[in-house]
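Participant: What follows is a structure written as structure tokens; I'll ask about it next.
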Amino acid sequence: MSKYVKYFTLSYFLLSVGVSDVCAQRGGRSGGNWSSPQNVPGLFAGGGVALLKMDGDYGSKQIGVLTSGGSLLAEYKFPRNLVLRSAITKGTLRERFTGRFSYFDHHTNIFTGEILGMFLFPDLTDCRSKIQVRPFLGVGAGLIHFKTYADLYDAQGQRYHFWEDGTVRMVPEGVRSEFDPPVVERDGVFETYIDTLGLYPNVAGKFPLEVGLRVMFNRNMGMYIAGRYTITTTDYIDHGVGFHDAYLTVRSPYNHFPDGYYTLSLSFIFRIEAGGTPGSRSPYSRKQRRPRQCGRF
């Protein structure tokens with residue numbers, strides 16, 4: 001019996017020491033958790049630049065052209081791992097088409113507004129590093145306003161004609177003449193606003209999915225490096241309705257999926273108001289000689 005009492009007493013003693021040590025490491029008498037991060041909330045504002053690439057719904061017939069855009073944003077960093085961002089963006093989307101679909105070539109001016117919720121993952125850098133790098137995942141919703149233009153006329157106002165063989169000429173296909181009309185190159189000026197018939201709205205919904213890195217140089221300044229794909233609720237960005245309805249019948253079977261676009265962006269943010277303090281804990285305790293808490297900005 002005494003043997004079991006000794007074992008019980010020894011086990012209780014070791015367990016008590018272990019629990020006491022864990023409590024001390026987590027703050028114990030000083031009230032706090034040294035190993036937990038100090039998440040600093042706050043309100044930020046900033047802006048950025050981006051590269052955009054159109055992703056329409058005509059398959060291999062289309063070639064997305066890299067274009068540019070700019071944005072302004074405001075966001076609130078919550079005390080933990082969440083960020084809520086609102087942003088407006090202005091930019092362009094452009095595509096080239098091959099073969100007989102070359103009249104699809106378009107230049108689209110876009111203006112968007114959105115709200116994005118973001119989840120921040122743990123730091124990739126060491127806790128003692130002055131620079132914090134945190135991956136994030138964001139999902140949002142918003143509106144896109146677009147105006148699409150096509151290159152259908154030359155500088156003299158003469159209309160291009162798109163032949164079945166993929167060439168562009170200045171006379172309609174099938175017109176009898178002594179000589180074949182020469183092939184011409186378009187001037188690349190997108191002068192014709194599509195949907196002059198007003199057949200579709202030029203405002204639609206959009207739903208972006210974004211991933212990237214949130215890099216904070218200190219608690220007051222940082223940047224985002226991000227890539228995203230945005231799907232819209234319209235299939236008319238790549239002018240699914242032809243000019244004066246001339247090509248609508250030919251084209252409609254190919255245009256029935258929502259349009260989207262890719263974005264690669266670089267943004268900078270600056271704290272404009274602190275949303276709170278990380279806590280009243282002293283950064284260092286001589287008695288316990290614990291390391292400084294990590295800050296999460």
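Every chain in the structure tokens has a letter given in the order shown (A, B, ...), and although residue numbers restart at 1 in each chain, ligands are simply numbered from 1 in the order shown.
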Quick one: DSSP alpha helix (DSSP H) residues in region 21-167 of chain A, as an NGL selection string?
Facilitator: :A and (21-25)
Participant: Go ahead and write the residues just picked, C-alpha atoms, as a PDB file, in the first residue's frame.
Facilitator:
ATOM      1  CA  ASP A  21       5.789  25.532 -15.666  1.00  0.00           C
ATOM      2  CA  VAL A  22       3.254  25.694 -18.493  1.00  0.00           C
ATOM      3  CA  CYS A  23       1.307  28.396 -16.698  1.00  0.00           C
ATOM      4  CA  ALA A  24       4.495  30.366 -16.165  1.00  0.00           C
ATOM      5  CA  GLN A  25       5.366  30.096 -19.868  1.00  0.00           C
TER       6      GLN A  25
END
Participant: Pick out the residues sitting within 8 Å of His239 (chain A), and hand them over as an MDAnalysis selection string; count only C-alpha atoms, and ignore anything fewer than 4 positions along from it in its own chain.
Facilitator: chainID A and resid 104 106 148 194:195 235
Participant: For the residues in the current selection, export C-alpha atoms as a PDB file, in the first residue's frame.
Facilitator:
ATOM      1  CA  PHE A 104     -14.004  40.437 -82.089  1.00  0.00           C
ATOM      2  CA  HIS A 106     -11.875  44.810 -78.505  1.00  0.00           C
ATOM      3  CA  THR A 148     -16.429  48.009 -75.110  1.00  0.00           C
ATOM      4  CA  ILE A 194     -20.368  48.376 -79.280  1.00  0.00           C
ATOM      5  CA  ASP A 195     -24.027  48.005 -78.373  1.00  0.00           C
ATOM      6  CA  ASP A 235     -20.844  37.607 -71.223  1.00  0.00           C
TER       7      ASP A 235
END
Participant: Which one is closest to Phe297 (chain A): A:Ala226, A:Met216, A:Val65, A:Met170? Count only C-alpha atoms.
Facilitator: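 Checking each candidate against Phe297 (chain A), we get A:Met216 as the closest.
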Participant: Could you list, as a CSV table (one decimal) with N, CA and C atoms, in the first residue's frame, every residue within 6 Å of Gly70 (chain A), counting only C-alpha atoms and ignoring same-chain residues fewer than 3 positions away?
Facilitator:
chain,number,residue,atom,x,y,z
A,48,GLY,N,-2.7,51.1,-55.6
A,48,GLY,CA,-1.7,50.2,-56.3
A,48,GLY,C,-1.9,50.2,-57.8
A,49,VAL,N,-1.1,49.4,-58.4
A,49,VAL,CA,-1.1,49.2,-59.9
A,49,VAL,C,-1.3,47.8,-60.2
A,89,THR,N,-11.4,50.4,-58.7
A,89,THR,CA,-10.4,50.1,-59.7
A,89,THR,C,-10.8,50.7,-61.0
A,90,LYS,N,-9.8,51.2,-61.8
A,90,LYS,CA,-10.1,51.7,-63.1
A,90,LYS,C,-9.0,51.1,-64.0
Participant: When you draw a straight line from CA of Leu137 (chain A) to CA of Leu120 (chain A), how long is it in Å?
Facilitator: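 Spanning CA of Leu137 (chain A) to CA of Leu120 (chain A) is a straight-line distance of 6.9 Å.
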Participant: For Lys77 (chain A), which residue among A:Ile237, A:Val171, A:Leu209, A:Val40 is the nearest when counting only C-alpha atoms?
Facilitator: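 Among A:Ile237, A:Val171, A:Leu209, A:Val40, it is A:Val40 that comes nearest to Lys77 (chain A).
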